[in-house]
>>> print(open('run-v6.cif').read())   # mmCIF, C-alpha atoms
data_query
#
loop_
_atom_site.label_atom_id
_atom_site.label_comp_id
_atom_site.auth_asym_id
_atom_site.auth_seq_id
_atom_site.Cartn_x
_atom_site.Cartn_y
_atom_site.Cartn_z
CA MET J 132 -20.18 -0.57 111.19
CA ALA J 133 -18.05 -2.35 108.60
CA HIS J 134 -14.36 -2.79 109.30
CA PRO J 135 -12.18 -0.51 107.13
CA PHE J 136 -10.38 -3.61 105.79
CA GLU J 137 -13.59 -5.38 104.76
CA ASP J 138 -13.73 -6.29 101.05
CA LYS J 139 -10.28 -4.78 100.45
CA LEU J 140 -7.55 -6.61 98.56
CA PHE J 141 -4.16 -6.90 100.33
CA ALA J 142 -0.66 -7.95 99.40
CA PHE J 143 1.86 -8.93 102.10
CA ILE J 144 5.62 -8.34 101.82
CA GLY J 145 7.94 -10.15 104.22
CA ASN J 146 6.96 -11.78 107.52
CA PRO J 147 5.45 -10.13 110.62
CA LYS J 148 7.41 -10.03 113.88
CA ARG J 149 4.52 -10.49 116.30
CA CYS J 150 2.92 -13.56 114.73
CA THR J 151 3.17 -15.90 111.75
CA ARG J 152 2.17 -14.88 108.25
CA ARG J 153 -0.72 -17.38 108.41
CA GLU J 154 -2.02 -15.81 111.63
CA ALA J 155 -1.85 -12.33 110.05
CA ARG J 156 -3.74 -13.58 107.01
CA GLU J 157 -6.41 -15.29 109.12
CA ALA J 158 -6.82 -12.17 111.27
CA LEU J 159 -7.42 -10.21 108.09
CA ASP J 160 -9.86 -12.85 106.83
CA ALA J 161 -11.82 -12.52 110.08
CA VAL J 162 -12.65 -8.86 109.34
CA GLY J 163 -13.44 -9.51 105.66
CA GLY J 164 -10.13 -8.55 104.05
CA VAL J 165 -8.68 -10.66 101.23
CA THR J 166 -5.01 -11.43 100.61
CA ASP J 167 -3.37 -11.86 97.22
CA GLU J 168 0.08 -13.08 96.27
CA SER J 169 0.83 -10.26 93.84
CA ILE J 170 0.16 -6.53 93.50
CA SER J 171 -2.42 -5.82 90.80
CA THR J 172 -4.65 -3.00 89.61
CA PHE J 173 -7.16 -4.02 92.28
CA THR J 174 -4.78 -3.99 95.28
CA GLU J 175 -5.97 -1.50 97.91
CA PHE J 176 -3.35 -2.08 100.65
CA VAL J 177 0.20 -3.43 100.74
CA VAL J 178 1.57 -4.38 104.16
CA ALA J 179 5.37 -4.25 104.42
CA PHE J 180 6.38 -6.56 107.24
CA GLU J 181 10.04 -7.29 108.03
CA HIS J 182 11.99 -7.56 104.74
CA ASP J 183 15.23 -6.45 103.11
CA GLY J 184 13.66 -3.76 100.92
CA LYS J 185 15.31 -5.14 97.77
CA THR J 186 12.47 -7.10 96.18
CA LYS J 187 10.71 -6.02 92.97
CA LYS J 188 7.41 -6.41 94.80
CA TYR J 189 8.40 -3.78 97.39
CA ALA J 190 9.71 -1.43 94.69
CA LYS J 191 6.39 -1.75 92.86
CA ALA J 192 4.47 -1.09 96.09
CA VAL J 193 6.43 2.11 96.72
CA LYS J 194 5.97 3.29 93.13
CA ASP J 195 2.23 2.52 93.11
CA SER J 196 1.84 4.23 96.49
CA ASN J 197 3.59 7.35 95.19
CA ASN J 198 1.28 7.35 92.17
CA GLY J 199 -1.81 7.13 94.39
CA TYR J 200 -2.85 3.62 93.32
CA LEU J 201 -2.67 1.97 96.78
CA ILE J 202 -1.91 2.55 100.48
CA LEU J 203 1.39 1.22 101.84
CA LEU J 204 1.30 0.21 105.53
CA ASP J 205 3.96 -0.95 107.95
CA GLU J 206 3.37 -3.71 110.51
CA ASP J 207 2.34 -1.43 113.38
CA GLN J 208 -0.13 0.49 111.21
CA PHE J 209 -1.65 -2.74 109.91
CA PHE J 210 -2.30 -4.24 113.36
CA ASP J 211 -3.46 -0.95 114.88
CA ILE J 212 -6.11 -0.58 112.14
CA LEU J 213 -6.93 -4.29 112.39
CA ASP J 214 -7.55 -3.95 116.15
CA GLY J 215 -9.60 -0.76 115.76
CA LYS J 216 -6.97 1.48 117.40
CA ALA J 217 -6.45 3.63 114.29
CA LYS J 218 -8.01 4.52 110.97
CA PRO J 219 -6.39 3.84 107.57
CA PRO J 220 -4.41 6.76 106.12
CA ALA J 221 -5.87 8.46 103.07
CA LYS J 222 -4.79 7.20 99.71
CA PRO J 223 -2.07 9.47 98.24
CA ASP J 224 -2.97 11.87 95.45
CA PHE J 225 -2.31 10.71 91.92
CA GLY J 226 1.31 11.28 90.91
CA LYS J 227 2.58 13.41 88.08
CA GLY J 228 1.73 12.11 84.64
CA VAL J 229 -1.18 10.04 85.95
CA MET J 230 -4.50 11.11 84.47
CA LYS J 231 -7.80 10.04 86.03
CA LEU J 232 -10.77 9.78 83.65
CA SER J 233 -14.34 10.00 84.93
CA PRO J 234 -16.99 7.80 83.27
CA LYS J 235 -19.90 9.51 81.53
CA ASN J 236 -22.55 7.32 83.17
CA LEU J 237 -21.53 7.16 86.83
CA GLU J 238 -24.46 4.97 87.93
CA ALA J 239 -23.93 2.30 85.25
CA TYR J 240 -20.19 2.37 85.82
CA ALA J 241 -20.66 1.93 89.58
CA LYS J 242 -22.92 -1.10 89.09
CA GLN J 243 -20.49 -2.70 86.68
CA GLU J 244 -17.56 -2.01 89.02
CA GLU J 245 -19.40 -3.49 92.01
CA LYS J 246 -20.27 -6.67 90.11
CA ALA J 247 -16.73 -7.08 88.81
CA TRP J 248 -15.25 -6.38 92.24
CA ASN J 249 -17.47 -8.97 93.93
CA ASN J 250 -16.42 -11.55 91.34
CA ILE J 251 -12.74 -10.76 91.97
CA LEU J 252 -13.06 -10.97 95.76
CA ASN J 253 -15.01 -14.24 95.66
CA HIS J 254 -12.46 -15.71 93.26
CA LYS J 255 -9.56 -14.68 95.52
CA ARG J 256 -11.30 -16.01 98.64
CA MET J 257 -11.89 -19.40 97.03
CA LYS J 258 -8.27 -19.58 95.84
CA ASN J 259 -7.04 -18.77 99.34
CA MET J 260 -9.27 -21.45 100.86
CA ALA J 261 -7.92 -23.98 98.39
CA LYS J 262 -4.26 -22.96 98.77
CA TYR J 263 -3.95 -22.07 102.46
CA GLY J 264 -7.04 -23.55 104.09
CA THR J 265 -8.41 -22.51 107.46
CA THR J 266 -6.99 -23.33 110.88
CA MET J 267 -9.51 -25.44 112.81
CA PRO J 268 -9.95 -25.32 116.64
CA ASP J 269 -7.83 -28.46 117.02
CA GLY J 270 -4.98 -26.85 115.07
CA SER J 271 -5.53 -28.84 111.87
CA ILE J 272 -5.79 -27.15 108.46
CA ALA J 273 -9.01 -27.58 106.46
CA ARG J 274 -8.79 -26.84 102.72
CA VAL J 275 -11.40 -26.45 100.04
CA ASP J 276 -10.97 -28.66 96.97
CA LEU J 277 -12.02 -26.60 93.94
CA ARG J 278 -11.64 -29.52 91.58
CA PRO J 279 -14.72 -31.48 90.53
CA LEU J 280 -15.67 -34.92 91.79
CA ASP J 281 -13.34 -37.93 91.52
CA SER J 282 -15.35 -39.32 88.61
CA THR J 283 -14.76 -36.11 86.66
CA ARG J 284 -11.03 -36.22 87.40
CA ARG J 285 -10.90 -39.81 86.14
CA ILE J 286 -12.53 -38.69 82.90
CA LEU J 287 -9.94 -35.94 82.57
CA GLU J 288 -7.20 -38.50 82.99
CA MET J 289 -8.78 -40.61 80.26
CA MET J 290 -9.03 -37.55 78.04
CA LYS J 291 -5.33 -36.94 78.59
CA ASN J 292 -4.34 -40.54 77.83
CA GLN J 293 -6.85 -41.12 75.02
CA PRO J 294 -7.51 -37.68 73.52
CA ASP J 295 -8.94 -39.05 70.26
CA GLN J 296 -11.83 -40.67 72.10
CA TYR J 297 -13.13 -37.53 73.82
CA GLY J 298 -14.17 -34.07 72.68
CA ILE J 299 -15.40 -30.79 74.13
CA VAL J 300 -18.64 -29.37 72.73
CA ILE J 301 -19.50 -25.73 73.48
CA SER J 302 -23.21 -24.95 73.37
CA ASP J 303 -24.48 -21.53 72.27
CA THR J 304 -27.72 -22.30 74.13
CA PRO J 305 -26.73 -23.72 77.54
CA HIS J 306 -28.97 -26.51 78.80
CA ASP J 307 -28.95 -29.29 81.42
CA CYS J 308 -27.13 -28.72 84.70
CA CYS J 309 -23.47 -28.26 85.57
CA SER J 310 -21.98 -31.32 87.28
CA VAL J 311 -20.43 -29.08 89.94
CA CYS J 312 -22.75 -26.16 90.74
CA SER J 313 -26.07 -27.04 88.99
CA ARG J 314 -26.10 -23.88 86.84
CA ALA J 315 -26.86 -24.12 83.12
CA ALA J 316 -24.22 -26.29 81.41
CA LYS J 317 -22.46 -24.74 78.43
CA ILE J 318 -19.53 -27.16 78.13
CA HIS J 319 -20.20 -30.81 77.34
CA ILE J 320 -17.39 -33.37 77.39
CA LYS J 321 -18.37 -36.25 75.14
CA ASP J 322 -16.91 -39.56 74.05
CA ASP J 323 -16.24 -40.51 70.43
CA GLU J 324 -19.86 -41.75 70.05
CA GLY J 325 -21.31 -38.41 71.13
CA SER J 326 -22.46 -39.46 74.59
CA ASP J 327 -22.20 -36.92 77.42
CA TYR J 328 -19.78 -37.80 80.19
CA VAL J 329 -19.57 -34.52 82.10
CA LYS J 330 -21.30 -31.16 81.82
CA PHE J 331 -20.02 -27.83 83.14
CA CYS J 332 -21.00 -24.20 83.28
CA GLN J 333 -18.30 -21.93 81.86
CA ASP J 334 -16.90 -20.85 85.26
CA CYS J 335 -16.63 -24.35 86.73
CA TYR J 336 -15.09 -25.67 83.52
CA ASN J 337 -12.40 -22.97 83.53
CA GLU J 338 -11.64 -23.50 87.24
CA MET J 339 -11.39 -27.24 86.69
CA ILE J 340 -9.12 -27.02 83.65
CA ALA J 341 -6.93 -24.34 85.26
CA ALA J 342 -6.42 -26.50 88.36
CA TYR J 343 -5.85 -29.61 86.27
CA ILE J 344 -3.18 -28.18 83.97
CA GLY J 345 -1.68 -25.84 86.57
CA THR J 346 -2.37 -22.44 85.01
CA GLU J 347 -3.74 -19.26 86.59
CA MET J 348 -7.27 -17.98 86.16
CA PRO J 349 -7.42 -14.28 85.20
CA ASP J 350 -8.72 -11.96 87.91
CA PHE J 351 -11.34 -10.38 85.68
CA ILE J 352 -12.83 -10.85 82.22
CA PRO J 353 -15.38 -8.25 81.00
CA GLU J 354 -18.76 -9.71 80.16
CA GLN J 355 -19.41 -7.30 77.30
CA PHE J 356 -17.65 -4.90 74.97
CA LEU J 357 -19.43 -1.83 73.58
CA CYS J 358 -18.09 0.13 70.61
CA LYS J 359 -19.12 2.31 67.68
CA ASP J 360 -18.25 1.93 64.02
CA ASP J 361 -17.11 4.74 61.74
CA THR J 362 -20.73 5.76 61.08
CA GLY J 363 -21.48 6.16 64.80
CA LYS J 364 -23.60 3.01 65.06
CA SER J 365 -23.25 1.14 68.37
CA HIS J 366 -22.33 -2.54 68.57
CA LYS J 367 -22.50 -4.81 71.61
CA PHE J 368 -20.46 -8.00 71.97
CA ASP J 369 -20.68 -10.69 74.65
CA ILE J 370 -17.21 -11.85 75.74
CA GLU J 371 -16.54 -15.52 76.48
CA PHE J 372 -13.30 -16.88 77.97
CA LEU J 373 -12.29 -20.55 77.92
CA ILE J 374 -9.15 -22.45 78.89
CA PHE J 375 -8.12 -25.57 76.99
CA ALA J 376 -5.31 -28.03 77.56
CA THR J 377 -3.30 -26.30 74.81
CA GLY J 378 -4.15 -22.63 75.32
CA LYS J 379 -6.68 -19.87 76.08
CA GLU J 380 -9.49 -18.54 73.92
CA LEU J 381 -11.48 -15.31 73.92
CA THR J 382 -14.63 -15.14 71.79
CA ALA J 383 -16.70 -12.03 71.09
CA ARG J 384 -20.26 -12.64 69.83
CA GLU J 385 -22.27 -9.70 68.56
CA LYS J 386 -25.71 -9.13 70.07
CA GLY J 387 -28.69 -7.90 68.12
CA LYS J 388 -29.41 -7.95 64.41
CA PHE J 389 -25.89 -8.85 63.31
CA LYS J 390 -24.03 -11.99 64.37
CA ARG J 391 -20.34 -11.25 64.01
CA ARG J 392 -18.03 -13.65 65.82
CA ILE J 393 -14.41 -12.72 66.52
CA GLU J 394 -11.92 -14.97 68.29
CA MET J 395 -8.49 -14.60 69.82
CA HIS J 396 -6.35 -17.59 70.78
CA GLY J 397 -3.31 -17.55 73.06
CA GLU J 398 -0.81 -19.88 74.67
CA LEU J 399 -1.38 -21.06 78.24
CA ASN J 400 1.06 -18.44 79.51
CA ALA J 401 -0.38 -15.65 77.34
CA ASP J 402 -1.31 -12.38 79.06
CA VAL J 403 -5.12 -12.22 78.97
CA GLY J 404 -5.00 -8.42 79.17
CA VAL J 405 -2.97 -8.32 75.96
CA MET J 406 -5.35 -10.84 74.36
CA LEU J 407 -8.30 -8.58 75.24
CA GLN J 408 -6.64 -5.55 73.65
CA LEU J 409 -5.93 -7.50 70.45
CA LEU J 410 -9.50 -8.83 70.44
CA LYS J 411 -10.85 -5.28 70.68
CA LYS J 412 -8.72 -4.24 67.70
CA LYS J 413 -10.10 -7.17 65.68
CA ILE J 414 -13.65 -6.19 66.67
CA ILE J 415 -13.13 -2.57 65.59
CA LYS J 416 -11.75 -3.75 62.26
CA ALA J 417 -14.61 -6.21 61.75
CA ILE J 418 -17.42 -3.70 62.32
CA ASN J 419 -15.80 -1.25 59.90
CA THR J 420 -15.28 -3.79 57.11
CA THR J 421 -17.97 -4.92 54.65
CA HIS J 422 -17.69 -7.56 51.94
CA ILE J 423 -21.24 -7.46 50.54
CA ASP J 424 -22.79 -4.23 49.26
CA GLU J 425 -26.35 -2.95 49.77
CA ARG J 426 -27.55 -4.79 46.67
CA GLY J 427 -26.32 -8.11 48.06
CA TYR J 428 -23.29 -8.48 45.76
CA ILE J 429 -19.77 -9.37 46.89
CA LYS J 430 -17.42 -6.38 46.73
CA ASP J 431 -14.02 -6.68 45.05
CA CYS J 432 -14.63 -10.40 44.37
CA VAL J 433 -13.71 -11.32 47.98
CA ALA J 434 -15.96 -12.31 50.88
CA LYS J 435 -14.83 -13.45 54.34
CA GLY J 436 -16.94 -14.90 57.12
CA TYR J 437 -17.62 -18.11 58.99
CA ILE J 438 -19.88 -21.16 58.83
CA ASP J 439 -22.60 -21.46 61.48
CA TYR J 440 -25.22 -24.11 62.21
CA ASN J 441 -28.79 -22.77 62.13
CA ARG J 442 -30.92 -24.83 64.51
CA LYS J 443 -34.20 -23.37 63.25
CA ARG J 444 -33.49 -24.45 59.66
CA ASP J 445 -31.47 -27.53 60.67
CA ASP J 446 -28.90 -26.43 58.11
CA TYR J 447 -25.78 -24.32 57.81
CA ASP J 448 -25.49 -20.57 57.21
CA ILE J 449 -22.59 -18.61 55.76
CA VAL J 450 -22.18 -15.54 57.99
CA ILE J 451 -20.64 -12.54 56.18
CA ASP J 452 -20.48 -9.04 57.72
CA GLY J 453 -22.44 -10.49 60.63
CA LYS J 454 -25.40 -11.45 58.43
CA PRO J 455 -26.31 -15.13 57.84
CA TYR J 456 -26.83 -16.23 54.23
CA THR J 457 -28.15 -19.51 52.87
CA TRP J 458 -26.42 -21.15 49.93
CA GLU J 459 -29.43 -20.17 47.83
CA GLU J 460 -29.02 -16.51 48.77
CA LEU J 461 -25.37 -16.62 47.70
CA LYS J 462 -26.28 -18.27 44.42
CA LYS J 463 -26.55 -14.96 42.52
CA ASN J 464 -23.01 -14.08 43.55
CA VAL J 465 -21.72 -17.40 42.28
CA SER J 466 -23.73 -17.41 39.04
CA LEU J 467 -22.64 -13.83 38.28
CA HIS J 468 -19.07 -15.12 37.93
CA GLU J 469 -19.75 -18.05 35.63
CA GLY J 470 -16.54 -19.06 33.92
CA TRP J 471 -14.33 -17.40 36.51
CA ASN J 472 -11.91 -19.25 38.74
CA ILE J 473 -12.88 -19.63 42.39
CA LYS J 474 -10.81 -20.18 45.54
CA ILE J 475 -12.27 -21.66 48.73
CA GLU J 476 -10.04 -21.28 51.76
CA PHE J 477 -10.57 -22.33 55.36
CA SER J 478 -8.67 -21.28 58.49
CA ASP J 479 -8.88 -21.44 62.27
CA ALA J 480 -11.38 -19.00 63.74
CA ASP J 481 -8.71 -16.64 65.10
CA GLU J 482 -6.62 -16.52 61.92
CA VAL J 483 -6.99 -13.70 59.41
CA LEU J 484 -7.65 -14.78 55.84
CA GLU J 485 -5.60 -12.77 53.35
#
>>> encode(input="run-v6.cif", output="structure tokens")
Amino acid sequence: MAHPFEDKLFAFIGNPKRCTRREAREALDAVGGVTDESISTFTEFVVAFEHDGKTKKYAKAVKDSNNGYLILLDEDQFFDILDGKAKPPAKPDFGKGVMKLSPKNLEAYAKQEEKAWNNILNHKRMKNMAKYGTTMPDGSIARVDLRPLDSTRRILEMMKNQPDQYGIVISDTPHDCCSVCSRAAKIHIKDDEGSDYVKFCQDCYNEMIAAYIGTEMPDFIPEQFLCKDDTGKSHKFDIEFLIFATGKELTAREKGKFKRRIEMHGELNADVGVMLQLLKKKIIKAINTTHIDERGYIKDCVAKGYIDYNRKRDDYDIVIDGKPYTWEELKKNVSLHEGWNIKIEFSDADEVLE
């Protein structure tokens, strides 16, 4: 039978009386529990060891416990449950003003939740192994190094010192193998002559950059976003998250017939949750906005889109309203306005053209 703490996320407050904080954490690790530094949406238990009761973390734990979000334990309860002498108390009922919504498709929701939860737990476990390590039989501490090989780190140093000589290429069709985990490589770091130096899958690249520049990886990024436009038509977008030396980037790419691409950039300290909400708003606006009518003519003399390389044609497309056009297909729109003035304006992918 599984231990009641297995695959549960914990936050510790204060220090235990009967052992060290490390020993408490390792005892929890032994039964499959996972510790975290902060209290988040995913925290199941908070253990209040000896403390002064004045910290914001403790105040949040009490509030979240009262609202039914988590279970607050004292030291005796924690060790009694850990040793199998007691069972965990039931989670409190949701507090006043807290509304719980049930998903329409329970089975699909459960599968998505399980996948997301496993990703979160594995991410936390790896971070703990890197930060705290494991106590070996001889008393030494063994840590996991999440950074790539020394050769990769040297390349990163060169990129930092000579940024003009190196570039990052993101492939829409991942190929070759990641230098770290052997999965399909999406990120290629190249020199100024276009030669590959290092190749990463998206996850290993983000872990590597986050460790290198000293920023935190988000606990969870949704893989897809589903929405409907004003006509009731469904749209599906794949969500991609990347960290760069200067900031974070979220990209939504539409699946299916249309190929809309919406981006959201943020600073290194930007809240990814806020970025996701803003990205969703941009997606909703994009799927409800059209610049070319059913006859193929530009409406109101304004068209907005992006330039995309078409590998099949070995040429570039102009993507408007999610549909790719060749220059020849746009010719009738240009020739229709013979004698008119024209304005061509470019911007970064996340900026809104006025």
>>> resolve_selection(input="run-v6.cif", expression="the PyMOL selection byres ((chain J and resi 413) around 12)", output="ChimeraX atom specification")
/J:358,381-383,391-395,406-412,414-420,481-483
>>> atom_distance(input="run-v6.cif", atom1="atom CA of Gly436 of chain J", atom2="atom CA of Gly363 of chain J")
22.9 Å
>>> residues_around(input="run-v6.cif", residues="Asn249 of chain J", least_positions_apart="5", cutoff="12 Å", atoms="all atoms listed in the file", output="list in words")
Asp138, Lys139, Leu140, Val165, Phe173, Lys242, Gln243, Glu244, His254, Lys255, Arg256, Asp350 and Phe351 of chain J
>>> atom_distance(input="run-v6.cif", atom1="atom CA of Ile301 of chain J", atom2="atom CA of Gly397 of chain J")
18.1 Å
>>> resolve_selection(input="run-v6.cif", expression="the PyMOL selection byres ((chain J and resi 398) around 9)", output="ChimeraX atom specification")
/J:377-380,396-397,399-402
>>> atom_distance(input="run-v6.cif", atom1="atom CA of Ala142 of chain J", atom2="atom CA of Val403 of chain J")
21.3 Å
>>> closest_residue(input="run-v6.cif", among="J:Ala376, J:Lys364, J:Phe141, J:Leu201", to="Ala342 of chain J", atoms="all atoms listed in the file")
J:Ala376
>>> residues_around(input="run-v6.cif", residues="Ile144 of chain J", least_positions_apart="5", cutoff="8 Å", atoms="all atoms listed in the file", output="list in words")
Val177, Val178, Ala179, Phe180, Glu181, His182, Lys188 and Tyr189 of chain J
>>> closest_residue(input="run-v6.cif", among="J:Lys330, J:Glu476, J:Gly264, J:Lys218", to="Cys308 of chain J", atoms="all atoms listed in the file")
J:Lys330
>>> closest_residue(input="run-v6.cif", among="J:Thr421, J:Thr346, J:Gln208, J:Thr166", to="Phe143 of chain J", atoms="all atoms listed in the file")
J:Thr166
>>> closest_residue(input="run-v6.cif", among="J:Gly427, J:Pro223, J:Gly163, J:Gly184", to="Asn253 of chain J", atoms="only C-alpha atoms")
J:Gly163
>>> residues_near_point(input="run-v6.cif", point="(-18.4, -8.3, 83.7)", cutoff="10 Å", atoms="all atoms listed in the file", output="PyMOL selection string")
chain J and resi 243-248+250+351-356+369-370
>>> closest_residue(input="run-v6.cif", among="J:Lys185, J:Ala190, J:Lys148, J:Glu137", to="Val162 of chain J", atoms="all atoms listed in the file")
J:Glu137
>>> decode(input="run-v6.cif", residues="segment 333-400 of chain J", atoms="C-alpha atoms", output="mmCIF file, in the first residue's frame")
data_model
loop_
_atom_site.group_PDB
_atom_site.id
_atom_site.type_symbol
_atom_site.label_atom_id
_atom_site.label_comp_id
_atom_site.auth_asym_id
_atom_site.auth_seq_id
_atom_site.Cartn_x
_atom_site.Cartn_y
_atom_site.Cartn_z
ATOM 1 C CA GLN J 333 13.342 22.393 -25.301
ATOM 2 C CA ASP J 334 13.325 21.130 -21.685
ATOM 3 C CA CYS J 335 17.092 20.653 -21.401
ATOM 4 C CA TYR J 336 17.724 24.023 -23.021
ATOM 5 C CA ASN J 337 15.443 25.817 -20.547
ATOM 6 C CA GLU J 338 16.979 23.987 -17.558
ATOM 7 C CA MET J 339 20.466 24.842 -18.780
ATOM 8 C CA ILE J 340 19.750 28.529 -19.406
ATOM 9 C CA ALA J 341 17.832 28.896 -16.127
ATOM 10 C CA ALA J 342 20.751 27.416 -14.160
ATOM 11 C CA TYR J 343 23.272 29.472 -16.104
ATOM 12 C CA ILE J 344 21.629 32.867 -15.618
ATOM 13 C CA GLY J 345 20.215 32.096 -12.167
ATOM 14 C CA THR J 346 16.475 32.328 -12.827
ATOM 15 C CA GLU J 347 13.659 29.997 -11.749
ATOM 16 C CA MET J 348 11.912 27.524 -14.016
ATOM 17 C CA PRO J 349 8.093 27.746 -13.813
ATOM 18 C CA ASP J 350 6.395 24.804 -12.120
ATOM 19 C CA PHE J 351 4.015 24.164 -14.991
ATOM 20 C CA ILE J 352 3.417 25.361 -18.552
ATOM 21 C CA PRO J 353 0.321 24.033 -20.383
ATOM 22 C CA GLU J 354 1.124 22.166 -23.575
ATOM 23 C CA GLN J 355 -1.992 23.365 -25.391
ATOM 24 C CA PHE J 356 -4.676 26.016 -25.265
ATOM 25 C CA LEU J 357 -8.189 25.336 -26.595
ATOM 26 C CA CYS J 358 -10.661 28.136 -27.315
ATOM 27 C CA LYS J 359 -13.619 29.107 -29.497
ATOM 28 C CA ASP J 360 -14.067 32.192 -31.628
ATOM 29 C CA ASP J 361 -17.218 34.312 -31.761
ATOM 30 C CA THR J 362 -18.782 31.946 -34.326
ATOM 31 C CA GLY J 363 -18.315 28.913 -32.060
ATOM 32 C CA LYS J 364 -15.470 27.409 -34.084
ATOM 33 C CA SER J 365 -12.795 25.651 -31.997
ATOM 34 C CA HIS J 366 -9.106 26.511 -32.233
ATOM 35 C CA LYS J 367 -6.171 24.574 -30.783
ATOM 36 C CA PHE J 368 -2.783 26.129 -30.044
ATOM 37 C CA ASP J 369 0.446 24.426 -29.002
ATOM 38 C CA ILE J 370 2.246 26.410 -26.272
ATOM 39 C CA GLU J 371 6.036 26.726 -26.288
ATOM 40 C CA PHE J 372 8.095 28.285 -23.477
ATOM 41 C CA LEU J 373 11.715 29.380 -23.830
ATOM 42 C CA ILE J 374 14.151 31.253 -21.599
ATOM 43 C CA PHE J 375 16.789 33.526 -23.105
ATOM 44 C CA ALA J 376 19.622 35.469 -21.524
ATOM 45 C CA THR J 377 17.501 38.637 -21.714
ATOM 46 C CA GLY J 378 14.004 37.363 -20.927
ATOM 47 C CA LYS J 379 11.257 34.739 -21.304
ATOM 48 C CA GLU J 380 9.103 33.938 -24.318
ATOM 49 C CA LEU J 381 5.773 32.186 -24.759
ATOM 50 C CA THR J 382 4.702 31.208 -28.276
ATOM 51 C CA ALA J 383 1.296 29.856 -29.299
ATOM 52 C CA ARG J 384 1.157 28.067 -32.674
ATOM 53 C CA GLU J 385 -2.219 27.150 -34.103
ATOM 54 C CA LYS J 386 -2.784 23.529 -35.114
ATOM 55 C CA GLY J 387 -4.802 22.471 -38.118
ATOM 56 C CA LYS J 388 -5.774 24.371 -41.247
ATOM 57 C CA PHE J 389 -4.785 27.809 -39.972
ATOM 58 C CA LYS J 390 -1.282 28.761 -38.836
ATOM 59 C CA ARG J 391 -1.653 31.709 -36.501
ATOM 60 C CA ARG J 392 1.371 32.445 -34.341
ATOM 61 C CA ILE J 393 1.078 34.628 -31.241
ATOM 62 C CA GLU J 394 3.976 35.518 -28.960
ATOM 63 C CA MET J 395 4.406 37.063 -25.537
ATOM 64 C CA HIS J 396 7.769 38.282 -24.254
ATOM 65 C CA GLY J 397 8.651 39.060 -20.642
ATOM 66 C CA GLU J 398 11.582 40.071 -18.491
ATOM 67 C CA LEU J 399 13.559 37.392 -16.634
ATOM 68 C CA ASN J 400 11.639 38.179 -13.443
#
